[in-house]
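**Student:** Got data.cif for you, mmCIF, C-alpha atoms and all ligand atoms:
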```
data_run
loop_
_atom_site.label_atom_id
_atom_site.label_comp_id
_atom_site.auth_asym_id
_atom_site.auth_seq_id
_atom_site.Cartn_x
_atom_site.Cartn_y
_atom_site.Cartn_z
CA MET A 12 47.79 -32.13 24.63
CA THR A 13 48.36 -30.00 21.56
CA LEU A 14 51.26 -27.62 21.39
CA THR A 15 49.02 -24.54 21.55
CA ALA A 16 47.18 -25.91 24.59
CA ALA A 17 50.50 -26.51 26.32
CA ALA A 18 51.64 -22.99 25.48
CA ALA A 19 48.38 -21.59 26.79
CA LEU A 20 48.83 -23.51 30.04
CA VAL A 21 52.32 -22.08 30.50
CA LEU A 22 50.99 -18.58 29.80
CA CYS A 23 48.21 -19.07 32.32
CA GLN A 24 50.49 -20.05 35.17
CA PRO A 25 51.46 -16.54 36.36
CA GLN A 26 47.79 -15.64 36.20
CA ALA A 27 46.89 -18.68 38.31
CA ALA A 28 49.56 -17.73 40.85
CA ARG A 29 48.13 -14.22 41.06
CA ALA A 30 44.64 -15.63 41.59
CA ASP A 31 45.97 -17.85 44.42
CA LYS A 32 47.66 -14.87 46.03
CA PHE A 33 44.44 -12.86 45.77
CA GLN A 34 42.39 -15.67 47.34
CA ALA A 35 44.94 -15.99 50.15
CA CYS A 36 44.63 -12.27 50.84
CA VAL A 37 40.82 -12.47 50.82
CA GLN A 38 40.83 -15.45 53.19
CA GLY A 39 43.11 -13.43 55.47
CA LEU A 40 40.22 -11.02 55.99
CA TRP A 41 38.17 -13.65 57.83
CA PRO A 42 39.32 -12.84 61.40
CA SER A 43 38.22 -9.20 61.18
CA ALA A 44 34.92 -10.21 59.55
CA LYS A 45 34.33 -12.82 62.27
CA ALA A 46 35.11 -10.30 64.99
CA ALA A 47 32.41 -8.03 63.54
CA GLY A 48 29.82 -10.81 63.70
CA VAL A 49 29.96 -12.18 60.16
CA LYS A 50 29.12 -15.89 59.97
CA ARG A 51 31.51 -18.28 58.24
CA GLU A 52 28.77 -19.30 55.83
CA THR A 53 28.20 -15.67 54.74
CA PHE A 54 31.92 -15.10 54.32
CA ASP A 55 32.45 -18.28 52.29
CA ARG A 56 29.52 -17.63 50.00
CA ALA A 57 30.72 -14.08 49.27
CA THR A 58 34.39 -14.87 48.78
CA GLN A 59 34.36 -18.24 47.02
CA GLY A 60 36.08 -17.90 43.64
CA LEU A 61 36.40 -14.15 44.10
CA THR A 62 38.85 -12.61 41.66
CA HIS A 63 40.78 -9.38 41.33
CA ASN A 64 38.97 -6.78 39.18
CA PRO A 65 41.53 -4.67 37.27
CA LYS A 66 38.81 -2.15 36.29
CA VAL A 67 38.51 -1.16 39.95
CA ILE A 68 42.18 -0.22 40.21
CA GLU A 69 42.03 1.57 36.88
CA GLN A 70 39.21 3.78 38.13
CA ALA A 71 40.57 4.17 41.66
CA THR A 72 43.86 5.52 40.36
CA PHE A 73 42.44 7.57 37.49
CA GLN A 74 43.80 11.11 37.50
CA PRO A 75 41.89 13.63 35.42
CA GLU A 76 44.07 15.38 32.88
CA TYR A 77 43.06 18.79 34.05
CA LYS A 78 40.98 20.16 36.85
CA ARG A 79 37.65 21.15 35.38
CA PRO A 80 36.65 24.73 36.27
CA VAL A 81 33.71 24.96 38.69
CA GLY A 82 31.51 26.68 36.07
CA GLU A 83 32.01 23.83 33.62
CA TYR A 84 31.27 21.28 36.34
CA ILE A 85 28.03 23.07 37.30
CA ASP A 86 26.93 23.38 33.65
CA ARG A 87 27.27 19.64 33.19
CA ALA A 88 25.82 18.71 36.59
CA VAL A 89 22.78 20.94 36.19
CA SER A 90 22.14 20.24 32.52
CA ASP A 91 18.79 20.88 30.81
CA LYS A 92 18.28 17.14 30.53
CA ARG A 93 18.88 16.55 34.23
CA LEU A 94 16.55 19.40 35.09
CA GLU A 95 13.82 18.09 32.80
CA THR A 96 14.09 14.54 34.18
CA GLY A 97 14.11 15.91 37.72
CA LYS A 98 10.84 17.74 37.14
CA GLN A 99 9.33 14.52 35.84
CA MET A 100 10.59 12.68 38.96
CA LEU A 101 9.00 15.30 41.21
CA ALA A 102 5.67 14.74 39.49
CA ASP A 103 5.94 10.94 39.37
CA ASN A 104 6.81 10.66 43.07
CA LYS A 105 4.61 13.39 44.49
CA GLU A 106 2.86 11.32 47.16
CA LEU A 107 6.09 9.74 48.34
CA LEU A 108 7.81 13.13 48.54
CA ASP A 109 4.86 14.57 50.52
CA LYS A 110 5.40 11.83 53.10
CA LEU A 111 9.18 12.20 53.20
CA GLU A 112 9.01 15.97 53.66
CA ALA A 113 6.57 15.51 56.53
CA LYS A 114 8.64 12.77 58.18
CA TYR A 115 12.20 14.05 57.74
CA GLY A 116 11.78 17.78 57.12
CA VAL A 117 14.00 17.71 54.04
CA ASP A 118 12.83 19.67 51.01
CA ARG A 119 11.68 17.47 48.08
CA HIS A 120 13.69 19.45 45.56
CA VAL A 121 16.87 18.74 47.47
CA LEU A 122 16.07 15.01 47.68
CA VAL A 123 15.48 14.84 43.93
CA ALA A 124 18.61 16.93 43.26
CA VAL A 125 20.78 14.53 45.30
CA TRP A 126 19.19 11.61 43.44
CA GLY A 127 20.01 13.26 40.11
CA MET A 128 23.58 14.01 41.11
CA GLU A 129 24.35 10.65 42.69
CA SER A 130 23.00 8.18 40.17
CA ASN A 131 21.25 10.27 37.50
CA TYR A 132 17.91 9.29 39.07
CA GLY A 133 18.91 5.66 39.45
CA THR A 134 20.00 5.15 35.84
CA GLN A 135 23.74 5.10 36.66
CA PRO A 136 24.10 3.24 39.96
CA GLY A 137 27.37 1.47 39.03
CA ASP A 138 27.58 -2.15 37.85
CA MET A 139 30.57 -3.53 39.74
CA ASN A 140 30.13 -6.18 42.38
CA VAL A 141 30.72 -4.43 45.70
CA ILE A 142 32.41 -7.35 47.51
CA GLN A 143 34.76 -7.82 44.57
CA SER A 144 35.56 -4.09 44.30
CA LEU A 145 36.35 -3.75 48.00
CA ALA A 146 38.42 -6.96 48.12
CA THR A 147 40.35 -5.73 45.07
CA LEU A 148 41.12 -2.42 46.77
CA ILE A 149 42.22 -4.11 50.00
CA CYS A 150 44.40 -6.76 48.37
CA SER A 151 46.06 -4.40 45.90
CA GLY A 152 46.87 -1.90 48.64
CA THR A 153 44.95 0.88 46.86
CA LYS A 154 42.81 2.78 49.37
CA SER A 155 42.96 -0.32 51.49
CA LYS A 156 42.44 1.57 54.77
CA PHE A 157 39.16 2.92 53.41
CA ALA A 158 38.07 -0.42 51.96
CA ARG A 159 38.63 -2.69 55.01
CA PRO A 160 35.71 -1.52 57.17
CA GLN A 161 33.58 -1.21 54.01
CA PHE A 162 34.25 -4.85 53.12
CA VAL A 163 33.18 -6.08 56.56
CA SER A 164 30.15 -3.82 56.52
CA ALA A 165 29.19 -5.10 53.04
CA LEU A 166 29.31 -8.70 54.32
CA LYS A 167 26.97 -7.78 57.15
CA ILE A 168 24.52 -6.25 54.66
CA LEU A 169 24.53 -9.56 52.76
CA GLN A 170 24.09 -11.49 55.99
CA ARG A 171 21.11 -9.38 56.98
CA GLY A 172 19.49 -10.23 53.64
CA ASP A 173 18.83 -6.67 52.43
CA ILE A 174 20.24 -7.62 49.04
CA ASN A 175 21.75 -10.74 47.52
CA TYR A 176 25.32 -11.08 46.34
CA ASP A 177 24.70 -10.82 42.61
CA ALA A 178 22.60 -7.67 42.91
CA MET A 179 24.95 -5.89 45.31
CA ASN A 180 26.49 -3.59 42.73
CA GLY A 181 28.00 -0.15 42.90
CA SER A 182 30.91 2.05 41.93
CA TRP A 183 34.58 1.05 42.13
CA ALA A 184 34.57 2.43 45.70
CA GLY A 185 31.51 0.44 46.73
CA ALA A 186 29.05 3.36 46.52
CA MET A 187 25.74 1.62 45.96
CA GLY A 188 22.37 2.08 44.35
CA HIS A 189 20.21 5.15 43.78
CA THR A 190 21.77 6.94 46.77
CA GLN A 191 25.40 5.84 46.21
CA PHE A 192 25.83 4.97 49.89
CA ILE A 193 29.06 3.21 50.83
CA PRO A 194 28.38 0.18 53.08
CA THR A 195 29.09 1.91 56.42
CA THR A 196 26.80 4.83 55.50
CA TYR A 197 24.19 2.34 54.36
CA SER A 198 24.41 0.41 57.62
CA ALA A 199 24.03 3.56 59.70
CA TYR A 200 21.41 5.52 57.75
CA ALA A 201 19.50 3.48 55.15
CA VAL A 202 15.83 2.99 55.95
CA ASP A 203 13.10 0.57 54.94
CA HIS A 204 10.39 3.01 53.92
CA ASP A 205 7.95 0.62 52.27
CA GLY A 206 8.10 -1.76 55.25
CA ASP A 207 8.96 -5.01 53.45
CA GLY A 208 11.79 -5.72 55.88
CA LYS A 209 14.55 -4.80 53.41
CA ARG A 210 16.40 -1.53 53.02
CA ASP A 211 16.58 -1.59 49.26
CA ILE A 212 18.49 1.40 47.87
CA TRP A 213 19.23 -0.55 44.66
CA GLY A 214 15.75 -1.23 43.36
CA ASN A 215 13.21 0.55 45.53
CA VAL A 216 12.74 4.31 45.03
CA PRO A 217 10.80 4.90 48.29
CA ASP A 218 13.57 3.20 50.32
CA ALA A 219 16.26 5.11 48.40
CA LEU A 220 14.75 8.59 48.73
CA ALA A 221 13.84 7.96 52.39
CA SER A 222 17.44 6.89 53.01
CA THR A 223 18.73 10.15 51.52
CA ALA A 224 16.26 12.12 53.64
CA SER A 225 17.26 10.18 56.74
CA TYR A 226 20.94 10.82 56.09
CA LEU A 227 20.44 14.56 55.53
CA LYS A 228 18.29 14.77 58.65
CA VAL A 229 21.02 13.30 60.85
CA SER A 230 23.49 15.56 59.05
CA ASN A 231 21.80 18.45 60.83
CA TRP A 232 19.43 19.52 58.04
CA GLN A 233 17.37 22.60 58.95
CA PRO A 234 13.79 22.28 57.66
CA GLY A 235 12.58 25.31 55.77
CA ALA A 236 16.02 26.89 55.46
CA ALA A 237 17.86 27.61 52.20
CA TRP A 238 21.26 26.09 51.31
CA GLY A 239 22.55 29.51 50.29
CA TYR A 240 22.11 32.53 48.05
CA GLU A 241 23.89 33.96 45.06
CA VAL A 242 25.13 37.39 46.16
CA ARG A 243 26.87 40.45 44.84
CA VAL A 244 30.25 41.14 46.36
CA PRO A 245 30.65 44.84 47.27
CA LYS A 246 33.05 46.94 45.17
CA GLY A 247 36.59 46.88 46.46
CA PHE A 248 36.18 43.55 48.30
CA ASN A 249 38.67 40.91 47.22
CA ALA A 250 36.81 37.56 47.25
CA LYS A 251 39.78 35.51 46.10
CA GLY A 252 40.81 32.89 48.63
CA VAL A 253 38.17 33.83 51.22
CA SER A 254 37.24 30.72 53.23
CA GLU A 255 33.61 29.65 53.21
CA LYS A 256 34.24 28.30 56.70
CA LYS A 257 34.45 31.80 58.19
CA LEU A 258 30.89 32.34 59.39
CA ARG A 259 28.99 35.56 60.01
CA SER A 260 25.25 36.14 60.29
CA LEU A 261 23.40 37.06 57.10
CA ALA A 262 22.54 40.39 58.77
CA GLU A 263 26.27 41.10 59.18
CA TRP A 264 26.98 40.17 55.58
CA GLN A 265 24.13 42.39 54.45
CA LYS A 266 25.54 45.28 56.47
CA ALA A 267 28.91 44.74 54.79
CA GLY A 268 27.24 45.09 51.37
CA PHE A 269 26.69 41.44 50.38
CA VAL A 270 23.21 41.52 48.88
CA ARG A 271 21.20 38.90 47.05
CA VAL A 272 21.40 39.17 43.26
CA ASP A 273 17.59 39.41 43.08
CA GLY A 274 17.58 42.23 45.64
CA LYS A 275 15.31 40.33 48.02
CA PRO A 276 15.96 40.45 51.79
CA TYR A 277 17.38 37.45 53.66
CA PRO A 278 14.38 35.63 55.20
CA ARG A 279 16.38 34.43 58.24
CA PRO A 280 18.95 37.18 58.87
CA GLY A 281 20.26 35.51 62.03
CA ASP A 282 21.48 32.37 60.18
CA LYS A 283 25.24 31.90 59.92
CA ALA A 284 26.74 31.95 56.44
CA GLY A 285 30.16 31.71 54.82
CA LEU A 286 31.24 33.26 51.52
CA PHE A 287 31.90 30.76 48.74
CA ALA A 288 33.42 32.43 45.67
CA PRO A 289 35.23 29.69 43.72
CA GLU A 290 36.44 32.11 41.02
CA GLY A 291 37.07 35.04 43.35
CA ASN A 292 35.68 38.26 41.86
CA ASN A 293 35.46 36.76 38.34
CA GLY A 294 32.36 34.62 38.78
CA PRO A 295 29.22 34.07 40.84
CA ALA A 296 29.60 34.34 44.62
CA PHE A 297 27.44 32.66 47.25
CA LEU A 298 26.62 32.95 50.91
CA VAL A 299 26.32 29.34 52.03
CA LEU A 300 24.34 28.22 55.05
CA ASN A 301 23.99 25.30 57.42
CA ASN A 302 22.19 23.15 54.81
CA PHE A 303 25.11 23.55 52.39
CA ARG A 304 27.27 22.04 55.11
CA SER A 305 24.76 19.17 55.52
CA ILE A 306 25.06 18.40 51.79
CA LEU A 307 28.84 18.28 52.27
CA ARG A 308 28.31 15.37 54.67
CA TYR A 309 26.98 13.46 51.66
CA ASN A 310 30.00 14.31 49.51
CA GLN A 311 32.91 16.45 50.72
CA SER A 312 33.13 18.73 47.70
CA ASN A 313 32.05 22.36 47.57
CA SER A 314 31.33 22.06 43.83
CA TYR A 315 29.10 19.05 44.52
CA ALA A 316 27.18 20.86 47.26
CA LEU A 317 26.76 23.90 45.01
CA ALA A 318 25.45 21.68 42.19
CA VAL A 319 22.91 20.00 44.51
CA GLY A 320 21.81 23.39 45.90
CA HIS A 321 21.50 24.97 42.48
CA LEU A 322 19.73 21.97 40.93
CA SER A 323 17.22 22.03 43.80
CA ASP A 324 16.59 25.76 43.23
CA ARG A 325 16.12 25.18 39.51
CA LEU A 326 13.71 22.29 40.19
CA ARG A 327 11.74 24.66 42.40
CA GLY A 328 11.43 27.05 39.45
CA GLY A 329 14.43 29.31 40.09
CA GLY A 330 16.58 30.66 37.28
CA PRO A 331 20.22 30.18 36.36
CA PHE A 332 22.97 32.10 38.17
CA VAL A 333 22.83 35.81 37.40
CA GLN A 334 26.58 36.34 37.32
CA ALA A 335 28.55 34.58 34.60
CA TRP A 336 31.36 32.12 35.16
CA PRO A 337 34.65 33.18 33.63
CA THR A 338 35.00 31.85 30.10
CA ASP A 339 38.19 30.21 29.07
CA GLU A 340 39.18 31.90 25.83
CA ASN A 341 41.46 29.01 25.13
CA ARG A 342 38.58 26.48 25.20
CA LEU A 343 37.62 24.80 21.93
CA SER A 344 34.20 24.66 20.30
CA LEU A 345 32.86 21.33 18.98
CA ASP A 346 33.97 22.12 15.43
CA GLN A 347 37.39 23.17 16.66
CA ARG A 348 37.73 19.94 18.65
CA LYS A 349 36.92 17.93 15.50
CA GLU A 350 39.43 19.96 13.52
CA LEU A 351 42.07 19.35 16.18
CA GLN A 352 41.39 15.59 16.07
CA GLN A 353 41.59 15.62 12.26
CA LEU A 354 44.99 17.34 12.40
CA LEU A 355 46.20 14.77 14.95
CA VAL A 356 44.92 11.93 12.71
CA VAL A 357 46.80 13.38 9.72
CA ARG A 358 49.98 13.33 11.80
CA GLY A 359 49.44 9.71 12.77
CA LEU A 360 49.03 10.61 16.45
CA LEU A 361 45.38 9.57 16.59
CA GLU A 362 43.23 6.94 14.89
CA GLY A 363 39.56 6.89 14.01
CA GLU A 364 36.88 9.32 12.91
CA PRO A 365 36.99 12.80 14.55
CA ASP A 366 33.88 13.22 16.72
CA GLY A 367 34.82 16.20 18.88
CA VAL A 368 34.65 14.11 22.06
CA ILE A 369 37.83 14.54 24.05
CA GLY A 370 38.48 11.06 25.43
CA PRO A 371 41.62 9.31 26.66
CA MET A 372 42.90 8.69 23.09
CA THR A 373 42.71 12.37 22.14
CA LEU A 374 44.31 13.42 25.44
CA GLU A 375 47.13 10.94 24.82
CA ALA A 376 47.59 12.25 21.27
CA VAL A 377 47.74 15.85 22.49
CA LYS A 378 50.31 14.81 25.10
CA THR A 379 52.47 13.15 22.46
CA TYR A 380 52.24 16.27 20.33
CA GLN A 381 53.18 18.47 23.31
CA ARG A 382 56.11 16.20 24.12
CA ASN A 383 57.35 16.31 20.52
CA LYS A 384 57.21 20.10 20.52
CA ASN A 385 58.76 20.51 23.98
CA LEU A 386 55.56 22.12 25.26
CA PRO A 387 54.22 21.61 28.81
CA VAL A 388 52.60 18.15 28.75
CA ASP A 389 49.09 18.29 30.23
CA GLY A 390 47.04 16.75 27.40
CA TYR A 391 44.58 19.64 27.57
CA PRO A 392 43.41 20.54 24.04
CA THR A 393 43.43 24.32 23.71
CA LEU A 394 43.10 26.91 20.99
CA THR A 395 46.86 27.46 21.30
CA ILE A 396 47.49 23.83 20.33
CA LEU A 397 44.99 24.00 17.47
CA LYS A 398 46.64 27.16 16.11
CA ALA A 399 50.09 25.55 16.32
CA LEU A 400 48.81 22.49 14.38
CA ARG A 401 47.17 24.72 11.75
CA ALA A 402 50.35 26.77 11.33
CA GLU A 403 52.25 23.60 10.50
CA GLY A 404 49.81 23.01 7.65
CA CA B 1 11.97 -1.82 51.73
#
```
Can you present the structure in this file as structure tokens?

**Tutor:**
Amino acid sequence: MTLTAAAALVLCQPQAARADKFQACVQGLWPSAKAAGVKRETFDRATQGLTHNPKVIEQATFQPEYKRPVGEYIDRAVSDKRLETGKQMLADNKELLDKLEAKYGVDRHVLVAVWGMESNYGTQPGDMNVIQSLATLICSGTKSKFARPQFVSALKILQRGDINYDAMNGSWAGAMGHTQFIPTTYSAYAVDHDGDGKRDIWGNVPDALASTASYLKVSNWQPGAAWGYEVRVPKGFNAKGVSEKKLRSLAEWQKAGFVRVDGKPYPRPGDKAGLFAPEGNNGPAFLVLNNFRSILRYNQSNSYALAVGHLSDRLRGGGPFVQAWPTDENRLSLDQRKELQQLLVVRGLLEGEPDGVIGPMTLEAVKTYQRNKNLPVDGYPTLTILKALRAEG
């Protein structure tokens, strides 16, 4: 053995010990899998040689540097590109969507909007092996309570033969395929629309869109009803902090002065709605209905549900929101972001060619700068920071 090989072996030992520990943890999951009806053969095939995936932990524990304002989130979620692709998808899948609307009662524009939001129409379904991701979460103690039932459920999906091990990919959290179903959601709601015996949300668009429709249907979707309306808040009403969970009929809202921005009447005045005004009186306000709450079953985020609702309206031919989101005067333009990066490069805080894209390196450089100057450290590149850098010359 050469000296370098011996050194490499020594270096590898802690890694080998970690791998053994990981395997021991994974094998410790057998009793709960067995109790749920997983066969030994399925378990062994899925867990043999399974290793810890550090990328999973990295993403599971990622904390965004700053909370993106709702308006910015919506602008990105309902981009021109996503709208354009969505219209193409509506045309390409017309016959399928006819059938799904008839069978499940869920509007085609909503189905396509969810598809666009979840996986960008199947182009970003996640490429991490689901068994590995879930085992990594469980054995590292990160979101392990969430991951345990998902792991067992994922094994049962493999056992049933809906998908094979190598193709069972998804996000770090095990959200899979076009629909981004986690294994327990998949097990409960995925459907085999094309009738080949497999519920294929990874590679089969009819199965995927039918699964979304099936899930929304059981989430109490009301056929023919809207998700909500953009409304004007009456003068003198303080919308800040009002809970969208406080429900009144649309007729009552109307009486209180909450009218649609287009001036049209509410088609179903008896329906119960809540007021969702994420920026209080400084941005668009919405009366949200039962179907908004069904979308929340898919993903528990008001911004997400608003994006799906709005994208579906836009796909149907509706326009952008009438009321403007508040603009952050401290936000940088593309040229200003490049200038900021250049100034950070000059100071040796950042490397590379300025491109105006604020990634982890730029955020880290801004943080270092803030730390050096005894400023609040949030990494958020603002006009204030840019002006301070310019003033230094
Ligand atoms: Ca199928």

**Student:** If you take all atoms listed in the file and a cut-off of 12 Å, which residues of chain A touch ligand CA 1 (chain B), and what are their nearest atom pairs and distances in Å to one decimal, in chain and number order, as a Markdown table?

**Tutor:**
```
| residue | atom | partner | partner_atom | distance |
| --- | --- | --- | --- | --- |
| A:Gly172 | CA | B:CA1 | CA | 11.4 |
| A:Asp173 | CA | B:CA1 | CA | 8.4 |
| A:Ile174 | CA | B:CA1 | CA | 10.5 |
| A:Ala201 | CA | B:CA1 | CA | 9.8 |
| A:Val202 | CA | B:CA1 | CA | 7.5 |
| A:Asp203 | CA | B:CA1 | CA | 4.2 |
| A:His204 | CA | B:CA1 | CA | 5.5 |
| A:Asp205 | CA | B:CA1 | CA | 4.7 |
| A:Gly206 | CA | B:CA1 | CA | 5.2 |
| A:Asp207 | CA | B:CA1 | CA | 4.7 |
| A:Gly208 | CA | B:CA1 | CA | 5.7 |
| A:Lys209 | CA | B:CA1 | CA | 4.3 |
| A:Arg210 | CA | B:CA1 | CA | 4.6 |
| A:Asp211 | CA | B:CA1 | CA | 5.2 |
| A:Ile212 | CA | B:CA1 | CA | 8.2 |
| A:Trp213 | CA | B:CA1 | CA | 10.2 |
| A:Gly214 | CA | B:CA1 | CA | 9.2 |
| A:Asn215 | CA | B:CA1 | CA | 6.8 |
| A:Val216 | CA | B:CA1 | CA | 9.1 |
| A:Pro217 | CA | B:CA1 | CA | 7.6 |
| A:Asp218 | CA | B:CA1 | CA | 5.5 |
| A:Ala219 | CA | B:CA1 | CA | 8.8 |
| A:Leu220 | CA | B:CA1 | CA | 11.2 |
| A:Ala221 | CA | B:CA1 | CA | 10.0 |
| A:Ser222 | CA | B:CA1 | CA | 10.4 |
```

**Student:** When you look at stretch 360-376 of chain A with a cut-off of 10 Å (counting all atoms listed in the file), what residues show up, excluding the ones that are within fewer than 4 positions of it in the same chain? I need them as a list in words.

**Tutor:**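 The filter keeps Pro75, Glu76, Leu343, Ser344, Leu345, Asp346, Gln347, Arg348, Lys349, Glu350, Leu351, Gln352, Gln353, Leu354, Leu355, Val356, Tyr380, Gln381, Arg382, Val388, Asp389, Gly390, Tyr391 and Pro392 of chain A.
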
**Student:** Dig up all the protein and nucleic acid residues within 7 Å of (33.8, -1.8, 55.1) in the file frame, using only C-alpha atoms, and format them as a list in words.

**Tutor:**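 It turns out the residues near that spot are Ala158, Arg159, Pro160, Gln161, Phe162, Val163, Ser164, Ala165, Pro194 and Thr195 of chain A.
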
**Student:** Using only C-alpha atoms, pick whichever of A:Val253, A:Ile85, A:Ile142, A:Ile168 has the shortest atom-to-atom distance to A:Val319.

**Tutor:**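 Answer, going by the shortest atom-to-atom distance: A:Ile85.
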
**Student:** Which residue out of A:Asn249, A:Gln38, A:Gln143, A:Asn302 has the minimum interatomic distance to A:Gly185 when all atoms listed in the file are used?

**Tutor:**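 With all atoms listed in the file as the atom set, the closest residue is A:Gln143.
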
**Student:** Set the distance at 7 Å and use all atoms listed in the file: which residues neighbour stretch 42-49 of chain A once local chain neighbours fewer than 4 positions away are removed? I'd like the list as a PyMOL selection string.

**Tutor:** chain A and resi 53-54+163+166-167

**Student:** Quick check, in Å to one decimal: how far apart do atom CA of A:Gln99 and atom CA of A:His189 lie?

**Tutor:**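 These two atoms are separated by 16.4 Å.
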
**Student:** Could you jot down the atom CA of A:Ser312 to atom CA of A:Gly330 separation for me, Å, one decimal place?

**Tutor:**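 Atom-to-atom, atom CA of A:Ser312 and atom CA of A:Gly330 are spaced 22.9 Å apart.
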
**Student:** Could you list, as a compact mmCIF listing (two decimals) with C-alpha atoms, in the frame of the given file, every residue within 12 Å of A:Thr96, counting all atoms listed in the file and ignoring same-chain residues fewer than 2 positions away?

**Tutor:**
```
# COMPACT_ATOMS: atom_id res chain seq x y z
CA VAL A 89 22.78 20.94 36.19
CA SER A 90 22.14 20.24 32.52
CA ASP A 91 18.79 20.88 30.81
CA LYS A 92 18.28 17.14 30.53
CA ARG A 93 18.88 16.55 34.23
CA LEU A 94 16.55 19.40 35.09
CA LYS A 98 10.84 17.74 37.14
CA GLN A 99 9.33 14.52 35.84
CA MET A 100 10.59 12.68 38.96
CA LEU A 101 9.00 15.30 41.21
CA ALA A 102 5.67 14.74 39.49
CA ASP A 103 5.94 10.94 39.37
CA VAL A 123 15.48 14.84 43.93
CA ALA A 124 18.61 16.93 43.26
CA TRP A 126 19.19 11.61 43.44
CA GLY A 127 20.01 13.26 40.11
CA MET A 128 23.58 14.01 41.11
CA ASN A 131 21.25 10.27 37.50
CA TYR A 132 17.91 9.29 39.07
CA GLY A 133 18.91 5.66 39.45
CA THR A 134 20.00 5.15 35.84
CA LEU A 322 19.73 21.97 40.93
CA LEU A 326 13.71 22.29 40.19
```

**Student:** To one decimal place, how far is atom CA of A:Asp282 from atom CA of A:Leu307 in Å?

**Tutor:**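 Result for atom CA of A:Asp282 versus atom CA of A:Leu307: 17.8 Å, one decimal.
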
**Student:** Might I get the box with edges along x, y and z of the file that holds all atoms of stretch 381-395 of chain A listed there, padded by 3 Å on every side, given as centre and edge lengths in Å to one decimal, as lines of an AutoDock Vina configuration file?

**Tutor:**
```
center_x = 50.9
center_y = 21.8
center_z = 25.4
size_x = 21.7
size_y = 17.3
size_z = 15.7
```

**Student:** Check which residues of stretch 307-350 of chain A sit at most 8 Å from stretch 236-243 of chain A using all atoms listed in the file, and return one row each with the closest pair of atoms and their distance in Å to one decimal, ordered by chain and rising number, as JSON lines.

**Tutor:**
```
{"residue": "A:Gly320", "atom": "CA", "partner": "A:Trp238", "partner_atom": "CA", "distance": 6.1}
{"residue": "A:Phe332", "atom": "CA", "partner": "A:Glu241", "partner_atom": "CA", "distance": 7.2}
{"residue": "A:Val333", "atom": "CA", "partner": "A:Glu241", "partner_atom": "CA", "distance": 8.0}
```

**Student:** Produce a file of the selected residues containing C-alpha atoms, as a CSV table (one decimal), in the coordinates of the input.

**Tutor:**
```csv
chain,number,residue,atom,x,y,z
A,320,GLY,CA,21.8,23.4,45.9
A,332,PHE,CA,23.0,32.1,38.2
A,333,VAL,CA,22.8,35.8,37.4
```

**Student:** Between A:Val272, A:Leu258, A:Ile306, A:Leu386, which has the minimum distance to A:Val125 (counting all atoms listed in the file)?

**Tutor:**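 Answer, going by the shortest atom-to-atom distance: A:Ile306.
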
**Student:** Which residue out of A:Gly281, A:Asn140, A:Ala35, A:Asn385 has the minimum interatomic distance to A:Gln265 when only C-alpha atoms are used?

**Tutor:**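 Looking only at the distances to A:Gln265, the closest residue turns out to be A:Gly281.
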
**Student:** When you look at A:Leu227 with a cut-off of 12 Å (counting all atoms listed in the file), what residues show up, excluding the ones that are within fewer than 2 positions of it in the same chain? I need them as a count of residues only.

**Tutor:** 36

**Student:** Set the distance at 8 Å and use all atoms listed in the file: which residues neighbour A:Asn180 once local chain neighbours fewer than 4 positions away are removed? I'd like the list as a list in words.

**Tutor:**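 In the requested form, the answer reads Pro136, Gly137, Asp138, Met139, Asn140, Val141, Gly185, Met187 and Gly188 of chain A.
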
**Student:** Rank nothing, just name the residue among A:Gly359, A:Ser254, A:Gly268, A:Arg342 nearest to A:Val299, using only C-alpha atoms.

**Tutor:**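 The answer is A:Ser254, which sits nearest to A:Val299.
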
**Student:** Which one is closest to A:Asp339: A:Val81, A:Leu317, A:Leu261, A:Ala27? Count all atoms listed in the file.

**Tutor:** A:Val81
